[in-house]
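Novice: Following this message is one structure expressed as structure tokens.
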Amino acid sequence: ACRADLYAHRQPRGEEVYQDPDAPPLHEPEDFVSCVALPLFAELARPGCPLRRLDLSMMALSVPSVHALAFALDRAPLEALRLDWCCLTNECFGMLAQGVLLNRHLLDLSLRGNELTGAHGCASALLDAVGRH
């Protein structure tokens, strides 16, 4: 089986980044995700996609990006998905739960360091989806 990995990382919060004065301006993480991750998520939904492991840790994923990822999870052959420290909110966890529930390949899901507040329904929906695998 073919395996592909994507490792996309951003600078941790609070740390300054050197910017070359001749380089184009740095984009906010959400801009980067929209430009890079959304086409990737579309590729994930394509039949025959060889991607098996995806690591987007340390990327600030926007709600629309997570929505697109959740939609792609329905069709994606991903076996491992790492979304550690991605600024995921309760709403994002709910969306991911829907995608995980429909996915039959995912074996490893990592969500460390996100912004889950413990609101009723979000965590339990995700745990229920994972438990049905």
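Letters A, B, ... mark the chains of the structure tokens in the order given; residue numbers begin at 1 per chain; ligand numbers begin at 1, in order shown.
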Write out as a tab-separated table (two decimals) with N, CA and C atoms, in the first residue's frame the residues lying within 9 Å of Cys49 in chain A, counting only C-alpha atoms and excluding same-chain residues fewer than 5 positions away.
Specialist:
chain	number	residue	atom	x	y	z
A	43	GLU	N	-8.59	16.51	-2.10
A	43	GLU	CA	-7.87	15.34	-2.61
A	43	GLU	C	-8.16	14.11	-1.75
A	44	LEU	N	-8.29	14.30	-0.44
A	44	LEU	CA	-8.62	13.20	0.46
A	44	LEU	C	-9.94	12.53	0.08
A	76	ALA	N	-12.23	9.40	2.99
A	76	ALA	CA	-10.77	9.32	3.06
A	76	ALA	C	-10.29	7.96	3.59
A	77	PRO	N	-9.21	7.45	3.02
A	77	PRO	CA	-8.64	6.19	3.51
A	77	PRO	C	-7.63	6.41	4.65
Novice: Near His105 in chain A, within 12 Å and counting only C-alpha atoms, which residues show up once chain neighbours fewer than 3 positions away are dropped, as a PyMOL selection string?
Specialist: chain A and resi 51-53+73-81+99-102+108-109+130+133
Novice: Using Å and a single decimal, report how far CA of Leu61 in chain A sits from CA of Ala45 in chain A.
Specialist: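 Between CA of Ala45 in chain A and CA of Leu61 in chain A the gap is 18.2 Å.
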Novice: For Gly113 in chain A, find every residue with an atom within 10 Å (counting only C-alpha atoms), except residues of its own chain fewer than 2 positions away, and show them as a VMD selection string.
Specialist: chain A and resid 57 to 58 83 to 88 110 to 111 115 to 116
Novice: For the residues in the current selection, export C-alpha atoms as a compact mmCIF listing (two decimals), in the first residue's frame.
Specialist:
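Written out: part_34.txt:
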# COMPACT_ATOMS: atom_id res chain seq x y z
CA SER A 57 -0.44 19.56 14.34
CA MET A 58 0.33 23.16 15.32
CA LEU A 83 -4.65 17.48 14.98
CA ASP A 84 -2.67 18.39 18.10
CA TRP A 85 -2.65 22.07 19.13
CA CYS A 86 -4.84 23.16 16.18
CA CYS A 87 -7.04 25.62 18.15
CA LEU A 88 -10.05 23.35 17.61
CA SER A 110 -4.81 12.59 18.17
CA LEU A 111 -6.41 15.84 19.42
CA GLU A 115 -9.72 24.28 23.09
CA LEU A 116 -12.41 21.83 24.17
Novice: If you count only C-alpha atoms, which residues fall within 6 Å of range 67-70 of chain A, apart from same-chain ones fewer than 6 positions away, as a PyMOL selection string?
Specialist: chain A and resi 41+95-96+99
Novice: I'd like to know which of A:Ser124, A:Thr89, A:Pro47, A:Leu40 is closest to Ser62 in chain A, using only C-alpha atoms.
Specialist: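 Using only C-alpha atoms, the shortest distance to Ser62 in chain A belongs to A:Thr89.
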Novice: If I take CA of Arg132 in chain A and CA of Leu106 in chain A, how far is one from the other in Å, to one decimal?
Specialist: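 Taking CA of Arg132 in chain A and CA of Leu106 in chain A, their separation equals 11.5 Å.
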Novice: Under the rule that only C-alpha atoms are counted, which of A:Leu56, A:Ala97, A:Leu107, A:Val63 is the nearest residue to Asp128 in chain A?
Specialist: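 Closest residue, counting only C-alpha atoms: A:Ala97.
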Novice: Go through A:Ala72, A:Val66, A:Ala42, A:Met59 one by one, measure the shortest atom-to-atom distance of each to Asn103 in chain A using only C-alpha atoms, and give the residue with the smallest value.
Specialist: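 Of all the options, A:Ala72 lies closest to Asn103 in chain A.
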Novice: Can you list every residue in range 32-70 of chain A that DSSP puts in helix (DSSP H, G or I), as a PyMOL selection string?
Specialist: chain A and resi 32-44+63-70
Novice: Would you mind reading off the distance between CA of Pro39 in chain A and CA of Cys92 in chain A, one decimal, in Å?
Specialist: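 So the answer is 18.8 Å.
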